[in-house]
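Student: Coordinates in final.csv, CSV, C-alpha atoms, are listed below.
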```
chain,number,residue,atom,x,y,z
A,1,MET,CA,99.1,98.9,115.0
A,2,SER,CA,100.2,95.4,115.9
A,3,THR,CA,103.8,94.7,116.9
A,4,GLU,CA,104.4,93.2,113.5
A,5,HIS,CA,103.0,96.4,111.8
A,6,GLN,CA,105.2,98.6,114.0
A,7,GLU,CA,108.3,96.6,113.1
A,8,PHE,CA,107.4,96.7,109.4
A,9,ALA,CA,106.8,100.4,109.5
A,10,ALA,CA,110.2,100.8,111.3
A,11,SER,CA,112.0,98.9,108.6
A,12,VAL,CA,110.5,101.1,105.9
A,13,ARG,CA,111.4,104.2,107.9
A,14,GLY,CA,114.9,103.0,108.4
A,15,LEU,CA,115.5,102.5,104.6
A,16,LEU,CA,113.9,105.8,103.8
A,17,THR,CA,116.0,107.6,106.5
A,18,LYS,CA,119.1,106.2,104.9
A,19,HIS,CA,118.3,106.6,101.2
A,20,ALA,CA,115.6,109.3,101.0
A,21,GLY,CA,116.9,112.3,103.0
A,22,PRO,CA,115.9,115.8,102.2
A,23,ALA,CA,118.8,116.4,99.8
A,24,ALA,CA,117.9,113.2,97.8
A,25,VAL,CA,114.2,114.1,97.6
A,26,ARG,CA,115.0,117.5,96.4
A,27,ALA,CA,117.4,116.2,93.7
A,28,ALA,CA,114.9,113.6,92.5
A,29,ALA,CA,112.2,116.3,92.3
A,30,GLN,CA,114.3,118.1,89.7
A,31,THR,CA,114.3,115.2,87.4
A,32,ASP,CA,111.6,114.5,84.7
A,33,LEU,CA,110.7,111.3,86.4
A,34,GLY,CA,110.3,112.9,89.8
A,35,TYR,CA,111.7,110.1,91.9
A,36,ASP,CA,114.9,108.1,92.2
A,37,PRO,CA,114.6,104.7,90.4
A,38,ALA,CA,117.3,103.3,92.6
A,39,LEU,CA,115.2,104.1,95.7
A,40,TRP,CA,112.2,102.4,94.2
A,41,ARG,CA,114.2,99.3,93.4
A,42,LEU,CA,115.5,99.2,97.0
A,43,LEU,CA,112.0,99.4,98.4
A,44,CYS,CA,110.7,96.7,96.1
A,45,GLU,CA,113.7,94.3,96.4
A,46,GLN,CA,114.5,94.7,100.1
A,47,ILE,CA,111.0,95.2,101.5
A,48,GLY,CA,108.7,94.2,98.7
A,49,VAL,CA,106.4,97.2,99.0
A,50,ALA,CA,104.9,96.8,95.5
A,51,ALA,CA,103.9,93.2,96.2
A,52,LEU,CA,102.1,93.8,99.5
A,53,ALA,CA,98.5,94.0,98.4
A,54,VAL,CA,98.9,91.8,95.3
A,55,PRO,CA,97.4,88.3,95.7
A,56,GLU,CA,99.8,85.4,95.8
A,57,GLU,CA,98.4,83.9,92.6
A,58,TYR,CA,99.6,87.0,90.8
A,59,GLY,CA,103.1,87.1,92.2
A,60,GLY,CA,102.4,89.2,95.3
A,61,PHE,CA,102.6,88.6,99.1
A,62,GLY,CA,98.8,88.4,99.5
A,63,ALA,CA,98.9,90.9,102.5
A,64,SER,CA,96.3,93.7,102.6
A,65,LEU,CA,95.9,97.4,102.0
A,66,VAL,CA,96.8,97.9,105.7
A,67,GLU,CA,100.5,97.2,105.0
A,68,SER,CA,100.4,99.1,101.7
A,69,LEU,CA,99.1,102.2,103.4
A,70,LEU,CA,101.6,101.9,106.1
A,71,VAL,CA,104.2,102.3,103.4
A,72,VAL,CA,102.3,105.3,101.9
A,73,GLY,CA,102.4,106.9,105.4
A,74,GLU,CA,106.1,106.5,105.7
A,75,LEU,CA,106.7,107.9,102.3
A,76,GLY,CA,104.6,110.9,103.4
A,77,ARG,CA,107.1,111.6,106.1
A,78,THR,CA,109.9,112.1,103.6
A,79,LEU,CA,107.9,113.3,100.6
A,80,ALA,CA,109.7,110.8,98.4
A,81,GLY,CA,107.8,110.6,95.1
A,82,VAL,CA,108.2,106.9,94.2
A,83,PRO,CA,105.3,105.3,92.4
A,84,MET,CA,103.8,103.5,95.5
A,85,LEU,CA,100.5,105.4,95.6
A,86,GLY,CA,100.0,105.8,91.8
A,87,SER,CA,101.2,102.3,90.7
A,88,ALA,CA,101.4,99.7,93.5
A,89,VAL,CA,98.2,100.9,95.3
A,90,LEU,CA,95.9,102.6,92.8
A,91,GLY,CA,97.1,100.9,89.6
A,92,ALA,CA,97.2,97.4,91.0
A,93,GLN,CA,93.8,97.9,92.8
A,94,ALA,CA,92.2,99.2,89.6
A,95,VAL,CA,93.3,96.0,87.7
A,96,LEU,CA,92.1,93.8,90.5
A,97,LEU,CA,88.8,95.7,90.7
A,98,SER,CA,88.2,95.1,87.0
A,99,GLY,CA,87.7,91.4,87.7
A,100,ASP,CA,89.8,90.5,84.6
A,101,ALA,CA,91.8,87.4,85.7
A,102,GLN,CA,93.8,87.3,82.5
A,103,ALA,CA,94.8,91.0,82.8
A,104,CYS,CA,95.8,90.4,86.5
A,105,ALA,CA,97.9,87.4,85.5
A,106,ARG,CA,99.6,89.4,82.7
A,107,LEU,CA,100.2,92.7,84.5
A,108,LEU,CA,100.4,92.2,88.2
A,109,PRO,CA,103.5,89.9,88.6
A,110,GLU,CA,105.8,92.6,87.2
A,111,VAL,CA,104.0,95.3,89.1
A,112,ALA,CA,104.6,93.3,92.3
A,113,GLU,CA,108.3,93.0,91.4
A,114,GLY,CA,108.5,96.8,90.8
A,115,THR,CA,109.7,96.3,87.2
A,116,ARG,CA,106.4,97.5,85.7
A,117,THR,CA,104.6,100.7,86.8
A,118,LEU,CA,101.0,101.6,86.2
A,119,ALA,CA,99.3,105.0,86.0
A,120,VAL,CA,95.6,105.5,86.5
A,121,CYS,CA,94.2,107.9,83.9
A,122,TRP,CA,91.0,109.1,85.6
A,123,ALA,CA,90.2,112.8,86.1
A,124,GLY,CA,88.7,115.2,83.6
A,125,GLU,CA,89.8,118.8,83.6
A,126,SER,CA,87.4,119.8,86.3
A,127,GLY,CA,88.3,116.9,88.6
A,128,TRP,CA,87.7,113.2,89.4
A,129,ASP,CA,83.9,113.3,89.4
A,130,ARG,CA,83.8,112.9,85.7
A,131,PRO,CA,86.4,110.9,83.7
A,132,GLY,CA,88.2,112.8,81.0
A,133,VAL,CA,88.3,110.0,78.5
A,134,ALA,CA,85.5,108.3,76.7
A,135,GLU,CA,85.4,105.0,74.8
A,136,SER,CA,83.6,104.3,71.5
A,137,ASP,CA,84.0,101.1,69.5
A,138,GLY,CA,87.1,100.0,71.3
A,139,THR,CA,89.0,103.3,71.0
A,140,LEU,CA,89.6,106.0,73.5
A,141,THR,CA,89.4,109.7,73.0
A,142,GLY,CA,89.8,112.5,75.5
A,143,THR,CA,92.3,113.8,78.0
A,144,ALA,CA,93.0,112.6,81.5
A,145,HIS,CA,94.3,115.2,83.9
A,146,TYR,CA,96.4,115.1,87.1
A,147,VAL,CA,97.7,111.6,86.5
A,148,LEU,CA,100.1,110.3,89.1
A,149,ASP,CA,103.4,109.0,87.8
A,150,GLY,CA,102.1,109.3,84.2
A,151,ILE,CA,105.4,110.3,82.6
A,152,GLY,CA,107.3,107.2,83.6
A,153,ALA,CA,104.5,104.6,83.6
A,154,ASP,CA,104.8,101.5,81.4
A,155,MET,CA,101.1,100.9,81.2
A,156,LEU,CA,98.1,103.2,81.5
A,157,ILE,CA,94.8,102.1,83.2
A,158,VAL,CA,92.2,104.3,81.8
A,159,VAL,CA,88.9,105.0,83.6
A,160,THR,CA,85.9,105.8,81.4
A,161,PRO,CA,82.2,106.0,82.2
A,162,GLY,CA,81.9,102.5,80.7
A,163,GLY,CA,84.7,100.7,82.5
A,164,PHE,CA,88.5,100.3,82.8
A,165,PHE,CA,90.8,100.0,79.8
A,166,GLU,CA,94.4,99.0,79.4
A,167,VAL,CA,96.7,101.0,77.1
A,168,ASP,CA,100.4,100.8,76.5
A,169,SER,CA,102.0,104.1,77.3
A,170,ALA,CA,103.9,104.1,74.1
A,171,ALA,CA,100.8,103.4,71.9
A,172,SER,CA,100.1,105.5,68.9
A,173,GLY,CA,97.8,108.4,69.7
A,174,VAL,CA,98.9,108.7,73.3
A,175,THR,CA,100.5,112.0,74.3
A,176,ARG,CA,101.9,112.6,77.8
A,177,THR,CA,102.7,116.1,79.0
A,178,ALA,CA,104.1,117.0,82.4
A,179,ALA,CA,101.7,119.3,84.2
A,180,PRO,CA,102.9,122.3,86.2
A,181,THR,CA,102.2,121.8,89.9
A,182,MET,CA,102.6,123.7,93.1
A,183,ASP,CA,104.2,120.7,94.9
A,184,PRO,CA,107.5,120.0,93.2
A,185,THR,CA,107.8,116.6,95.0
A,186,ARG,CA,104.8,115.1,93.3
A,187,LYS,CA,104.7,114.9,89.5
A,188,LEU,CA,101.4,115.0,87.7
A,189,THR,CA,100.8,114.4,84.0
A,190,THR,CA,98.2,115.2,81.4
A,191,VAL,CA,97.6,112.3,79.1
A,192,ALA,CA,95.8,112.8,75.8
A,193,PHE,CA,94.2,110.0,73.8
A,194,GLU,CA,93.4,110.5,70.1
A,195,SER,CA,91.5,107.5,68.8
A,196,VAL,CA,93.7,105.0,70.7
A,197,ALA,CA,92.9,101.3,70.5
A,198,ALA,CA,92.4,99.9,74.0
A,199,LYS,CA,91.8,96.6,75.7
A,200,ARG,CA,88.8,96.5,78.0
A,201,LEU,CA,89.5,95.1,81.5
A,202,GLY,CA,86.6,93.0,82.6
A,203,THR,CA,83.0,93.4,81.8
A,204,ALA,CA,81.5,94.2,85.2
A,205,ASP,CA,79.6,97.4,86.0
A,206,ALA,CA,82.2,100.2,86.4
A,207,ALA,CA,80.3,102.3,89.0
A,208,PRO,CA,81.0,100.1,92.0
A,209,ALA,CA,84.6,99.5,91.0
A,210,LEU,CA,85.2,103.2,90.6
A,211,ALA,CA,83.5,104.0,94.0
A,212,ARG,CA,85.7,101.4,95.6
A,213,LEU,CA,88.8,102.9,93.9
A,214,ARG,CA,88.0,106.4,95.2
A,215,GLU,CA,87.6,105.0,98.8
A,216,ILE,CA,91.1,103.4,98.5
A,217,ALA,CA,92.5,106.6,97.1
A,218,TRP,CA,91.1,108.8,99.9
A,219,ALA,CA,92.2,106.4,102.6
A,220,ALA,CA,95.7,106.3,101.1
A,221,VAL,CA,95.9,110.1,100.9
A,222,ALA,CA,94.8,110.3,104.5
A,223,ALA,CA,97.7,107.9,105.5
A,224,GLU,CA,100.2,110.0,103.6
A,225,GLN,CA,98.9,113.2,105.2
A,226,VAL,CA,99.3,111.8,108.7
A,227,GLY,CA,102.8,110.7,108.0
A,228,ALA,CA,103.7,114.2,106.7
A,229,ALA,CA,102.0,115.9,109.6
A,230,GLU,CA,103.8,113.8,112.1
A,231,ARG,CA,107.1,114.8,110.6
A,232,CYS,CA,106.1,118.5,110.7
A,233,LEU,CA,105.4,118.2,114.4
A,234,GLU,CA,108.7,116.5,115.0
A,235,MET,CA,110.6,119.2,113.0
A,236,THR,CA,108.8,121.9,115.0
A,237,VAL,CA,109.6,120.4,118.4
A,238,GLU,CA,113.3,119.9,117.4
A,239,TYR,CA,113.6,123.5,116.3
A,240,SER,CA,111.9,124.9,119.4
A,241,LYS,CA,114.5,123.1,121.5
A,242,SER,CA,117.5,124.5,119.6
A,243,ARG,CA,116.3,128.0,118.7
A,244,VAL,CA,117.3,130.5,121.4
A,245,GLN,CA,115.6,133.8,122.0
A,246,PHE,CA,115.9,136.1,125.0
A,247,GLY,CA,118.4,133.7,126.4
A,248,ARG,CA,116.1,130.7,126.4
A,249,ALA,CA,115.1,128.0,124.0
A,250,ILE,CA,111.8,129.1,122.4
A,251,GLY,CA,110.2,125.8,123.3
A,252,SER,CA,110.3,126.8,126.9
A,253,PHE,CA,107.8,129.6,126.4
A,254,GLN,CA,104.3,128.6,127.5
A,255,ALA,CA,102.5,130.1,124.5
A,256,LEU,CA,104.5,128.0,122.1
A,257,LYS,CA,104.0,124.9,124.3
A,258,HIS,CA,100.3,125.4,124.0
A,259,ARG,CA,100.5,125.7,120.2
A,260,MET,CA,102.6,122.5,119.9
A,261,ALA,CA,100.2,120.7,122.2
A,262,ASP,CA,97.3,121.7,119.9
A,263,MET,CA,99.3,120.3,117.0
A,264,TYR,CA,99.8,117.1,118.8
A,265,VAL,CA,96.1,116.7,119.6
A,266,LEU,CA,95.2,117.3,115.9
A,267,LEU,CA,97.8,114.8,114.8
A,268,GLU,CA,96.5,112.1,117.2
A,269,SER,CA,92.9,112.6,116.1
A,270,ALA,CA,94.0,112.4,112.4
A,271,LYS,CA,95.9,109.2,113.1
A,272,SER,CA,92.7,107.7,114.6
A,273,ALA,CA,90.7,108.8,111.6
A,274,SER,CA,93.2,107.5,109.1
A,275,ALA,CA,93.6,104.1,110.9
A,276,ALA,CA,89.8,103.7,110.9
A,277,ALA,CA,89.7,104.4,107.2
A,278,THR,CA,92.5,102.1,106.4
A,279,LEU,CA,90.9,99.2,108.3
A,280,ALA,CA,87.6,99.9,106.7
A,281,VAL,CA,88.9,99.8,103.1
A,282,ALA,CA,91.1,96.7,103.9
A,283,GLU,CA,88.2,94.8,105.4
A,284,GLN,CA,85.4,96.4,103.2
A,285,SER,CA,83.4,97.0,106.3
A,286,PRO,CA,79.8,98.3,106.2
A,287,SER,CA,81.0,101.7,107.6
A,288,VAL,CA,83.7,102.2,104.9
A,289,ALA,CA,81.9,105.2,103.3
A,290,GLU,CA,81.6,107.0,106.6
A,291,ASP,CA,85.1,106.2,107.8
A,292,VAL,CA,86.8,107.2,104.6
A,293,TRP,CA,84.7,110.4,104.4
A,294,ALA,CA,85.7,111.4,107.9
A,295,ALA,CA,89.4,110.6,107.3
A,296,ARG,CA,89.4,112.5,104.0
A,297,VAL,CA,88.0,115.6,105.6
A,298,HIS,CA,89.7,115.6,109.0
A,299,CYS,CA,93.2,114.5,107.8
A,300,SER,CA,93.2,117.2,105.1
A,301,GLU,CA,92.2,119.9,107.7
A,302,ALA,CA,94.6,118.6,110.3
A,303,PHE,CA,97.6,118.5,108.0
A,304,THR,CA,96.9,122.0,106.7
A,305,ALA,CA,96.6,123.3,110.2
A,306,ILE,CA,99.7,121.5,111.5
A,307,VAL,CA,101.9,122.6,108.6
A,308,ALA,CA,100.7,126.2,108.9
A,309,GLU,CA,101.9,126.1,112.5
A,310,THR,CA,105.1,124.5,111.5
A,311,VAL,CA,105.8,127.5,109.2
A,312,GLN,CA,104.8,130.0,111.8
A,313,LEU,CA,106.9,128.4,114.6
A,314,HIS,CA,110.0,128.2,112.5
A,315,GLY,CA,109.9,131.9,111.7
A,316,GLY,CA,111.3,133.4,108.6
A,317,ILE,CA,113.6,130.5,107.8
A,318,ALA,CA,110.5,128.3,107.0
A,319,ILE,CA,109.6,130.2,103.9
A,320,THR,CA,113.1,129.9,102.3
A,321,TRP,CA,114.0,127.3,99.8
A,322,GLU,CA,116.7,126.0,102.1
A,323,HIS,CA,114.1,124.7,104.6
A,324,ASP,CA,111.8,121.8,104.1
A,325,ALA,CA,108.7,123.3,105.8
A,326,HIS,CA,107.5,125.0,102.7
A,327,LEU,CA,107.7,121.6,100.8
A,328,TYR,CA,105.3,120.1,103.4
A,329,PHE,CA,103.1,123.3,103.1
A,330,LYS,CA,102.8,122.7,99.3
A,331,ARG,CA,102.2,119.0,99.8
A,332,ALA,CA,99.4,119.8,102.3
A,333,HIS,CA,97.6,122.0,99.8
A,334,GLY,CA,98.1,119.6,96.9
A,335,THR,CA,96.8,116.5,98.8
A,336,ALA,CA,93.8,118.4,100.0
A,337,GLN,CA,92.5,118.4,96.4
A,338,LEU,CA,93.9,115.1,95.1
A,339,PHE,CA,91.2,112.7,93.9
A,340,GLY,CA,88.5,115.2,94.7
A,341,THR,CA,86.9,116.3,97.9
A,342,PRO,CA,83.9,114.8,99.6
A,343,ARG,CA,80.5,116.4,99.6
A,344,ARG,CA,79.2,117.9,102.8
A,345,PRO,CA,77.3,116.7,104.7
A,346,LEU,CA,78.0,113.0,104.2
A,347,PRO,CA,75.3,111.5,102.0
A,348,GLN,CA,73.0,109.3,104.0
A,349,THR,CA,73.2,105.6,103.2
A,350,ALA,CA,70.3,103.2,103.4
```
Would you give me this structure, written as structure tokens?

Tutor:
Amino acid sequence: MSTEHQEFAASVRGLLTKHAGPAAVRAAAQTDLGYDPALWRLLCEQIGVAALAVPEEYGGFGASLVESLLVVGELGRTLAGVPMLGSAVLGAQAVLLSGDAQACARLLPEVAEGTRTLAVCWAGESGWDRPGVAESDGTLTGTAHYVLDGIGADMLIVVTPGGFFEVDSAASGVTRTAAPTMDPTRKLTTVAFESVAAKRLGTADAAPALARLREIAWAAVAAEQVGAAERCLEMTVEYSKSRVQFGRAIGSFQALKHRMADMYVLLESAKSASAAATLAVAEQSPSVAEDVWAARVHCSEAFTAIVAETVQLHGGIAITWEHDAHLYFKRAHGTAQLFGTPRRPLPQTA
């Protein structure tokens, strides 16, 4: 990262350290919304996180996805469930990818301010490879599953095989139901549409836009996984210095040093993969498919391995509700499936 990026990430981390500690995250997870609206306002008003990747003509800062995914990574460290990924990244990018200038001018200024949240309704029951909602004669029918921030969203951006559509979340025929999840810090919603009138966003071919949206989603998840994995390593090192057994801090035992060194190597390689994917999607480089594929696979595996070691090296306390390790464990397994998983091997491109 550049010096400016390091300073920016530090400012986000400082705000989250002050206002999104473990107790606050746990309390927010117990609410229907799943996050603290006051924290989201602070992030938007003091740092402008929702405006980062929104072009200036639509009320944003005109930065790039690099800055937005830096924020996603910092949120991964705390597990704070604010609608950064679901609304400010995926929702805003879906509207931009539609190519509908009028919709961008109408929706994005309030998204950039943080006063309007979007939710992308995409996956069918079996996952993200096939949309769960279909359009016919301007109406939507079907059910979108695993929708991020769907309960509290003001506007729904619906992905169908024929394109993107805009639906008010309070429209007649829309039913939103909280979905049970293993990860209590991330709320998912099932959104059903029963002959709901919808406004089409743009007229371009949906396939390239959807492929681009998936690349952004996977790069964002990789950034979040790296942030969470880094925090897991920090917690493990801190614990190994304070936990005493046989008259010595357990971190002084060579076997545990080796295991934490392996965690560090995994983390650093995951950081590199995530950084490559972030730059690739931000710059739309020719290697974006390969970079994002690698980050999606490696960061998922690295986070899963690191959090498993975190639980092991914390001993019995790590599986109790009082300790945060099991929250990261659940986040690791949830994000490994979020937005689908890549095919193996990587499809060859022409």

Student: So which residues touch Ala170 of chain A within 9 Å, counting only C-alpha atoms, skipping near sequence neighbours fewer than 3 positions away, as an NGL selection string?

Tutor: :A and (154-155 or 167 or 173-175)

Student: Can you write just those residues out, C-alpha atoms, as a CSV table (one decimal), keeping the file's coordinate frame?

Tutor:
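File produced: out-v4.csv:
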```csv
chain,number,residue,atom,x,y,z
A,154,ASP,CA,104.8,101.5,81.4
A,155,MET,CA,101.1,100.9,81.2
A,167,VAL,CA,96.7,101.0,77.1
A,173,GLY,CA,97.8,108.4,69.7
A,174,VAL,CA,98.9,108.7,73.3
A,175,THR,CA,100.5,112.0,74.3
```

Student: Could you list, as a PyMOL selection string, every residue within 9 Å of Pro22 of chain A, counting all atoms listed in the file and ignoring same-chain residues fewer than 6 positions away?

Tutor: chain A and resi 78-80+324

Student: Show me, as JSON lines, the residues of segment 231-317 of chain A having an atom within 9 Å of segment 211-216 of chain A, each with the closest atom pair and its distance in Å, using only C-alpha atoms.

Tutor:
```
{"residue": "A:Ala277", "atom": "CA", "partner": "A:Glu215", "partner_atom": "CA", "distance": 8.7}
{"residue": "A:Thr278", "atom": "CA", "partner": "A:Ile216", "partner_atom": "CA", "distance": 8.1}
{"residue": "A:Val281", "atom": "CA", "partner": "A:Ile216", "partner_atom": "CA", "distance": 6.2}
{"residue": "A:Ala282", "atom": "CA", "partner": "A:Ile216", "partner_atom": "CA", "distance": 8.6}
{"residue": "A:Val288", "atom": "CA", "partner": "A:Glu215", "partner_atom": "CA", "distance": 7.8}
{"residue": "A:Ala289", "atom": "CA", "partner": "A:Glu215", "partner_atom": "CA", "distance": 7.3}
{"residue": "A:Val292", "atom": "CA", "partner": "A:Glu215", "partner_atom": "CA", "distance": 6.3}
{"residue": "A:Trp293", "atom": "CA", "partner": "A:Glu215", "partner_atom": "CA", "distance": 8.3}
```

Student: I'd like the interatomic distance between atom CA of Arg296 of chain A and atom CA of Ala219 of chain A, to a tenth of an Å.

Tutor: 6.9 Å

Student: Which residues are near Trp122 of chain A? Cut-off 6 Å, all atoms listed in the file, ignore same chain within fewer than 2 positions. Put them as a list in words.

Tutor: Val120, Pro131, Ala144 and Val159 of chain A

Student: Counting only C-alpha atoms, which of A:Ser242, A:Ser300, A:Gln254, A:Ser98 gets nearest to Thr203 of chain A?

Tutor: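 That would be A:Ser98, the residue with the smallest distance to Thr203 of chain A.
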
Student: Any chance you could export segment 270-311 of chain A with C-alpha atoms, as a CSV table (one decimal), in the first residue's frame?

Tutor:
```
chain,number,residue,atom,x,y,z
A,270,ALA,CA,-3.0,-14.3,1.4
A,271,LYS,CA,-2.3,-10.5,1.6
A,272,SER,CA,-0.4,-10.7,-1.6
A,273,ALA,CA,-3.2,-12.6,-3.4
A,274,SER,CA,-5.8,-10.2,-2.1
A,275,ALA,CA,-3.8,-7.1,-3.1
A,276,ALA,CA,-3.3,-8.5,-6.6
A,277,ALA,CA,-7.1,-9.1,-6.9
A,278,THR,CA,-8.0,-5.7,-5.6
A,279,LEU,CA,-5.7,-3.9,-8.1
A,280,ALA,CA,-6.9,-6.2,-10.9
A,281,VAL,CA,-10.6,-5.3,-10.3
A,282,ALA,CA,-9.9,-1.6,-9.7
A,283,GLU,CA,-7.9,-1.3,-12.9
A,284,GLN,CA,-9.8,-4.0,-14.9
A,285,SER,CA,-6.5,-5.5,-15.9
A,286,PRO,CA,-6.3,-8.3,-18.5
A,287,SER,CA,-5.4,-10.8,-15.7
A,288,VAL,CA,-8.4,-9.9,-13.5
A,289,ALA,CA,-10.1,-13.4,-13.9
A,290,GLU,CA,-6.9,-15.2,-12.9
A,291,ASP,CA,-6.0,-12.9,-10.0
A,292,VAL,CA,-9.5,-12.9,-8.5
A,293,TRP,CA,-9.7,-16.7,-8.9
A,294,ALA,CA,-6.4,-17.2,-7.1
A,295,ALA,CA,-7.4,-14.8,-4.3
A,296,ARG,CA,-10.8,-16.4,-3.8
A,297,VAL,CA,-9.3,-19.8,-3.5
A,298,HIS,CA,-6.2,-19.0,-1.5
A,299,CYS,CA,-7.7,-16.5,0.9
A,300,SER,CA,-10.5,-18.8,1.8
A,301,GLU,CA,-8.2,-21.7,2.5
A,302,ALA,CA,-5.7,-19.4,4.4
A,303,PHE,CA,-8.4,-17.9,6.6
A,304,THR,CA,-9.9,-21.3,7.4
A,305,ALA,CA,-6.4,-22.7,8.3
A,306,ILE,CA,-5.4,-19.7,10.4
A,307,VAL,CA,-8.7,-19.5,12.4
A,308,ALA,CA,-8.5,-23.3,13.1
A,309,GLU,CA,-5.0,-22.8,14.5
A,310,THR,CA,-6.3,-19.8,16.5
A,311,VAL,CA,-8.9,-22.0,18.2
```
